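Novice: My questions will all concern the structure given below.
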Amino acid sequence: MSEHEEHKEHEEHASHSLGFYILIGIILLVLTVTTAGVAFVNLGPFNPVVALLIATIKATLVVLFFMHVKGASEKLTGAVVVSGFFFLSILLTLSLADYLTRAWR
């Protein structure tokens, strides 16, 4: 592959500006502070649910924008991400099912 083709291919993937990444970083920091704040609120058995929901949102932002999955044209990238979230949902469902039924014993 020639140097010109490599440069052109690199330009296609760089679609966001520095300001956009700073905005996503600020959103991640706000969500981190929100997670810490929610830890001091008594939500009963839903504290871990809220914390995991916020963590999932943060992980989604990191995967989509910092790992450049959003806008990726390869089908394999999409398949890997979808399978990762599928198994994450299984893990979270089983973990939360165990945690929420502990009071029943």
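Simple scheme: letters A, B, ... for chains in structure tokens order, numbers from 1 for residues in each chain, numbers from 1 for ligands in the order shown.
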Taking only C-alpha atoms into account, produce a table as a Markdown table in which each residue of region 9-41 of chain A with an atom at most 7 Å from an atom of region 49-73 of chain A appears once, together with its shortest atom pair and the distance in Å to one decimal, ordered by chain and rising number.
Specialist:
| residue | atom | partner | partner_atom | distance |
| --- | --- | --- | --- | --- |
| A:Leu28 | CA | A:Lys58 | CA | 6.1 |
| A:Leu31 | CA | A:Ile54 | CA | 6.7 |
| A:Thr35 | CA | A:Ala51 | CA | 5.9 |
Novice: Name the residues of region 20-55 of chain A that come out as alpha helix (DSSP H) in a backbone DSSP run; write them as an mmCIF file with all heavy atoms, in the first residue's frame.
Specialist:
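Result file is selection.cif:
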data_model
loop_
_atom_site.group_PDB
_atom_site.id
_atom_site.type_symbol
_atom_site.label_atom_id
_atom_site.label_comp_id
_atom_site.auth_asym_id
_atom_site.auth_seq_id
_atom_site.Cartn_x
_atom_site.Cartn_y
_atom_site.Cartn_z
ATOM 1 N N PHE A 20 -14.621 17.645 20.913
ATOM 2 C CA PHE A 20 -15.605 16.577 21.099
ATOM 3 C C PHE A 20 -15.108 15.578 22.139
ATOM 4 O O PHE A 20 -15.860 15.155 23.015
ATOM 5 C CB PHE A 20 -15.878 15.879 19.761
ATOM 6 C CG PHE A 20 -16.861 14.762 19.873
ATOM 7 C CD1 PHE A 20 -18.213 15.026 19.954
ATOM 8 C CD2 PHE A 20 -16.433 13.450 19.912
ATOM 9 C CE1 PHE A 20 -19.126 13.988 20.067
ATOM 10 C CE2 PHE A 20 -17.334 12.418 20.022
ATOM 11 C CZ PHE A 20 -18.687 12.687 20.095
ATOM 12 N N TYR A 21 -13.825 15.205 22.045
ATOM 13 C CA TYR A 21 -13.272 14.261 23.012
ATOM 14 C C TYR A 21 -13.207 14.868 24.407
ATOM 15 O O TYR A 21 -13.400 14.159 25.408
ATOM 16 C CB TYR A 21 -11.891 13.793 22.569
ATOM 17 C CG TYR A 21 -11.959 12.859 21.386
ATOM 18 C CD1 TYR A 21 -11.396 13.212 20.169
ATOM 19 C CD2 TYR A 21 -12.601 11.634 21.477
ATOM 20 C CE1 TYR A 21 -11.462 12.362 19.080
ATOM 21 C CE2 TYR A 21 -12.675 10.777 20.400
ATOM 22 C CZ TYR A 21 -12.104 11.143 19.204
ATOM 23 O OH TYR A 21 -12.184 10.303 18.140
ATOM 24 N N ILE A 22 -12.944 16.149 24.495
ATOM 25 C CA ILE A 22 -12.952 16.815 25.796
ATOM 26 C C ILE A 22 -14.353 16.815 26.380
ATOM 27 O O ILE A 22 -14.546 16.576 27.577
ATOM 28 C CB ILE A 22 -12.382 18.242 25.675
ATOM 29 C CG1 ILE A 22 -10.881 18.160 25.376
ATOM 30 C CG2 ILE A 22 -12.640 19.056 26.936
ATOM 31 C CD1 ILE A 22 -10.231 19.491 25.067
ATOM 32 N N LEU A 23 -15.365 17.046 25.537
ATOM 33 C CA LEU A 23 -16.758 16.996 25.993
ATOM 34 C C LEU A 23 -17.115 15.605 26.514
ATOM 35 O O LEU A 23 -17.727 15.466 27.577
ATOM 36 C CB LEU A 23 -17.706 17.396 24.858
ATOM 37 C CG LEU A 23 -19.196 17.275 25.170
ATOM 38 C CD1 LEU A 23 -19.595 18.292 26.237
ATOM 39 C CD2 LEU A 23 -20.014 17.461 23.925
ATOM 40 N N ILE A 24 -16.729 14.567 25.795
ATOM 41 C CA ILE A 24 -16.999 13.202 26.250
ATOM 42 C C ILE A 24 -16.263 12.941 27.564
ATOM 43 O O ILE A 24 -16.811 12.313 28.480
ATOM 44 C CB ILE A 24 -16.578 12.173 25.173
ATOM 45 C CG1 ILE A 24 -17.438 12.334 23.913
ATOM 46 C CG2 ILE A 24 -16.690 10.739 25.704
ATOM 47 C CD1 ILE A 24 -18.896 12.007 24.107
ATOM 48 N N GLY A 25 -15.039 13.431 27.696
ATOM 49 C CA GLY A 25 -14.293 13.287 28.943
ATOM 50 C C GLY A 25 -14.977 13.973 30.108
ATOM 51 O O GLY A 25 -15.034 13.439 31.220
ATOM 52 N N ILE A 26 -15.519 15.155 29.860
ATOM 53 C CA ILE A 26 -16.247 15.879 30.918
ATOM 54 C C ILE A 26 -17.506 15.118 31.307
ATOM 55 O O ILE A 26 -17.838 15.002 32.492
ATOM 56 C CB ILE A 26 -16.562 17.323 30.455
ATOM 57 C CG1 ILE A 26 -15.268 18.135 30.388
ATOM 58 C CG2 ILE A 26 -17.568 17.982 31.381
ATOM 59 C CD1 ILE A 26 -15.422 19.489 29.735
ATOM 60 N N ILE A 27 -18.212 14.572 30.318
ATOM 61 C CA ILE A 27 -19.403 13.767 30.612
ATOM 62 C C ILE A 27 -19.026 12.562 31.465
ATOM 63 O O ILE A 27 -19.731 12.216 32.421
ATOM 64 C CB ILE A 27 -20.100 13.345 29.307
ATOM 65 C CG1 ILE A 27 -20.719 14.555 28.618
ATOM 66 C CG2 ILE A 27 -21.168 12.284 29.573
ATOM 67 C CD1 ILE A 27 -21.242 14.287 27.222
ATOM 68 N N LEU A 28 -17.904 11.910 31.136
ATOM 69 C CA LEU A 28 -17.455 10.769 31.936
ATOM 70 C C LEU A 28 -17.119 11.183 33.367
ATOM 71 O O LEU A 28 -17.432 10.458 34.322
ATOM 72 C CB LEU A 28 -16.246 10.110 31.272
ATOM 73 C CG LEU A 28 -16.532 9.370 29.964
ATOM 74 C CD1 LEU A 28 -15.231 8.960 29.305
ATOM 75 C CD2 LEU A 28 -17.411 8.169 30.202
ATOM 76 N N LEU A 29 -16.502 12.361 33.532
ATOM 77 C CA LEU A 29 -16.204 12.849 34.885
ATOM 78 C C LEU A 29 -17.478 13.156 35.658
ATOM 79 O O LEU A 29 -17.580 12.850 36.859
ATOM 80 C CB LEU A 29 -15.316 14.082 34.808
ATOM 81 C CG LEU A 29 -13.865 13.843 34.422
ATOM 82 C CD1 LEU A 29 -13.149 15.176 34.193
ATOM 83 C CD2 LEU A 29 -13.158 13.034 35.478
ATOM 84 N N VAL A 30 -18.469 13.752 34.999
ATOM 85 C CA VAL A 30 -19.748 14.047 35.653
ATOM 86 C C VAL A 30 -20.433 12.748 36.082
ATOM 87 O O VAL A 30 -20.974 12.649 37.192
ATOM 88 C CB VAL A 30 -20.659 14.885 34.726
ATOM 89 C CG1 VAL A 30 -22.079 14.947 35.241
ATOM 90 C CG2 VAL A 30 -20.092 16.294 34.566
ATOM 91 N N LEU A 31 -20.389 11.737 35.218
ATOM 92 C CA LEU A 31 -20.991 10.458 35.584
ATOM 93 C C LEU A 31 -20.240 9.786 36.732
ATOM 94 O O LEU A 31 -20.860 9.116 37.569
ATOM 95 C CB LEU A 31 -21.045 9.535 34.362
ATOM 96 C CG LEU A 31 -22.078 9.916 33.302
ATOM 97 C CD1 LEU A 31 -21.906 9.064 32.052
ATOM 98 C CD2 LEU A 31 -23.481 9.790 33.848
ATOM 99 N N THR A 32 -18.938 9.975 36.806
ATOM 100 C CA THR A 32 -18.161 9.432 37.924
ATOM 101 C C THR A 32 -18.553 10.109 39.227
ATOM 102 O O THR A 32 -18.738 9.449 40.259
ATOM 103 C CB THR A 32 -16.657 9.602 37.658
ATOM 104 O OG1 THR A 32 -16.321 8.925 36.453
ATOM 105 C CG2 THR A 32 -15.834 9.054 38.801
ATOM 106 N N VAL A 33 -18.684 11.431 39.194
ATOM 107 C CA VAL A 33 -19.121 12.168 40.390
ATOM 108 C C VAL A 33 -20.548 11.756 40.766
ATOM 109 O O VAL A 33 -20.872 11.602 41.957
ATOM 110 C CB VAL A 33 -19.011 13.689 40.156
ATOM 111 C CG1 VAL A 33 -19.673 14.476 41.270
ATOM 112 C CG2 VAL A 33 -17.553 14.094 40.010
ATOM 113 N N THR A 34 -21.392 11.540 39.768
ATOM 114 C CA THR A 34 -22.768 11.084 40.025
ATOM 115 C C THR A 34 -22.761 9.721 40.707
ATOM 116 O O THR A 34 -23.536 9.485 41.639
ATOM 117 C CB THR A 34 -23.562 11.017 38.707
ATOM 118 O OG1 THR A 34 -23.512 12.289 38.075
ATOM 119 C CG2 THR A 34 -25.002 10.618 38.953
ATOM 120 N N THR A 35 -21.907 8.835 40.258
ATOM 121 C CA THR A 35 -21.797 7.516 40.882
ATOM 122 C C THR A 35 -21.389 7.643 42.349
ATOM 123 O O THR A 35 -21.949 6.981 43.224
ATOM 124 C CB THR A 35 -20.770 6.642 40.133
ATOM 125 O OG1 THR A 35 -21.129 6.556 38.769
ATOM 126 C CG2 THR A 35 -20.703 5.256 40.728
ATOM 127 N N ALA A 36 -20.420 8.500 42.619
ATOM 128 C CA ALA A 36 -19.984 8.707 44.003
ATOM 129 C C ALA A 36 -21.104 9.333 44.836
ATOM 130 O O ALA A 36 -21.292 8.974 46.000
ATOM 131 C CB ALA A 36 -18.743 9.588 44.030
ATOM 132 N N GLY A 37 -21.845 10.269 44.252
ATOM 133 C CA GLY A 37 -22.951 10.896 44.978
ATOM 134 C C GLY A 37 -24.085 9.934 45.273
ATOM 135 O O GLY A 37 -24.676 9.963 46.358
ATOM 136 N N VAL A 38 -24.380 9.060 44.326
ATOM 137 C CA VAL A 38 -25.455 8.092 44.518
ATOM 138 C C VAL A 38 -25.088 7.084 45.601
ATOM 139 O O VAL A 38 -25.965 6.543 46.277
ATOM 140 C CB VAL A 38 -25.783 7.383 43.174
ATOM 141 C CG1 VAL A 38 -26.658 6.166 43.367
ATOM 142 C CG2 VAL A 38 -26.461 8.356 42.233
ATOM 143 N N ALA A 39 -23.816 6.857 45.815
ATOM 144 C CA ALA A 39 -23.383 5.925 46.854
ATOM 145 C C ALA A 39 -23.789 6.398 48.245
ATOM 146 O O ALA A 39 -23.953 5.586 49.158
ATOM 147 C CB ALA A 39 -21.873 5.735 46.798
ATOM 148 N N ASN A 47 -29.149 0.427 45.023
ATOM 149 C CA ASN A 47 -27.853 1.122 44.926
ATOM 150 C C ASN A 47 -26.927 0.465 43.903
ATOM 151 O O ASN A 47 -26.364 1.161 43.058
ATOM 152 C CB ASN A 47 -27.182 1.195 46.294
ATOM 153 C CG ASN A 47 -27.636 2.390 47.094
ATOM 154 O OD1 ASN A 47 -28.832 2.626 47.200
ATOM 155 N ND2 ASN A 47 -26.700 3.126 47.642
ATOM 156 N N PRO A 48 -26.744 -0.874 43.953
ATOM 157 C CA PRO A 48 -25.878 -1.481 42.937
ATOM 158 C C PRO A 48 -26.463 -1.385 41.531
ATOM 159 O O PRO A 48 -25.722 -1.274 40.554
ATOM 160 C CB PRO A 48 -25.757 -2.946 43.356
ATOM 161 C CG PRO A 48 -26.331 -3.048 44.699
ATOM 162 C CD PRO A 48 -27.154 -1.844 44.944
ATOM 163 N N VAL A 49 -27.782 -1.403 41.434
ATOM 164 C CA VAL A 49 -28.433 -1.306 40.122
ATOM 165 C C VAL A 49 -28.114 0.039 39.483
ATOM 166 O O VAL A 49 -27.719 0.113 38.309
ATOM 167 C CB VAL A 49 -29.960 -1.505 40.249
ATOM 168 C CG1 VAL A 49 -30.648 -1.294 38.922
ATOM 169 C CG2 VAL A 49 -30.282 -2.875 40.810
ATOM 170 N N VAL A 50 -28.249 1.111 40.246
ATOM 171 C CA VAL A 50 -27.969 2.454 39.732
ATOM 172 C C VAL A 50 -26.481 2.604 39.412
ATOM 173 O O VAL A 50 -26.109 3.153 38.368
ATOM 174 C CB VAL A 50 -28.450 3.528 40.736
ATOM 175 C CG1 VAL A 50 -28.018 4.911 40.302
ATOM 176 C CG2 VAL A 50 -29.961 3.466 40.893
ATOM 177 N N ALA A 51 -25.630 2.093 40.292
ATOM 178 C CA ALA A 51 -24.187 2.194 40.063
ATOM 179 C C ALA A 51 -23.785 1.432 38.802
ATOM 180 O O ALA A 51 -22.975 1.918 37.996
ATOM 181 C CB ALA A 51 -23.427 1.666 41.270
ATOM 182 N N LEU A 52 -24.334 0.243 38.601
ATOM 183 C CA LEU A 52 -24.018 -0.539 37.400
ATOM 184 C C LEU A 52 -24.601 0.101 36.143
ATOM 185 O O LEU A 52 -23.993 0.023 35.071
ATOM 186 C CB LEU A 52 -24.522 -1.971 37.553
ATOM 187 C CG LEU A 52 -23.719 -2.838 38.514
ATOM 188 C CD1 LEU A 52 -24.410 -4.173 38.736
ATOM 189 C CD2 LEU A 52 -22.317 -3.049 37.995
ATOM 190 N N LEU A 53 -25.740 0.741 36.268
ATOM 191 C CA LEU A 53 -26.320 1.430 35.115
ATOM 192 C C LEU A 53 -25.426 2.593 34.681
ATOM 193 O O LEU A 53 -25.138 2.749 33.486
ATOM 194 C CB LEU A 53 -27.722 1.947 35.459
ATOM 195 C CG LEU A 53 -28.425 2.745 34.366
ATOM 196 C CD1 LEU A 53 -28.755 1.831 33.192
ATOM 197 C CD2 LEU A 53 -29.668 3.394 34.917
ATOM 198 N N ILE A 54 -24.966 3.371 35.636
ATOM 199 C CA ILE A 54 -24.067 4.489 35.308
ATOM 200 C C ILE A 54 -22.754 3.958 34.740
ATOM 201 O O ILE A 54 -22.219 4.504 33.769
ATOM 202 C CB ILE A 54 -23.837 5.379 36.545
ATOM 203 C CG1 ILE A 54 -25.145 6.052 36.970
ATOM 204 C CG2 ILE A 54 -22.775 6.432 36.269
ATOM 205 C CD1 ILE A 54 -25.072 6.782 38.296
ATOM 206 N N ALA A 55 -22.228 2.880 35.314
ATOM 207 C CA ALA A 55 -20.981 2.295 34.808
ATOM 208 C C ALA A 55 -21.152 1.774 33.386
ATOM 209 O O ALA A 55 -20.243 1.893 32.559
ATOM 210 C CB ALA A 55 -20.523 1.171 35.734
#
Novice: Let me make sure I understand: among A:Ser83, A:Glu74, A:Leu18, A:Phe46, which one has the smallest atom-to-atom distance to Tyr99 (chain A) if we use only C-alpha atoms?
Specialist: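 Using only C-alpha atoms, Tyr99 (chain A) sits closest to A:Phe46.
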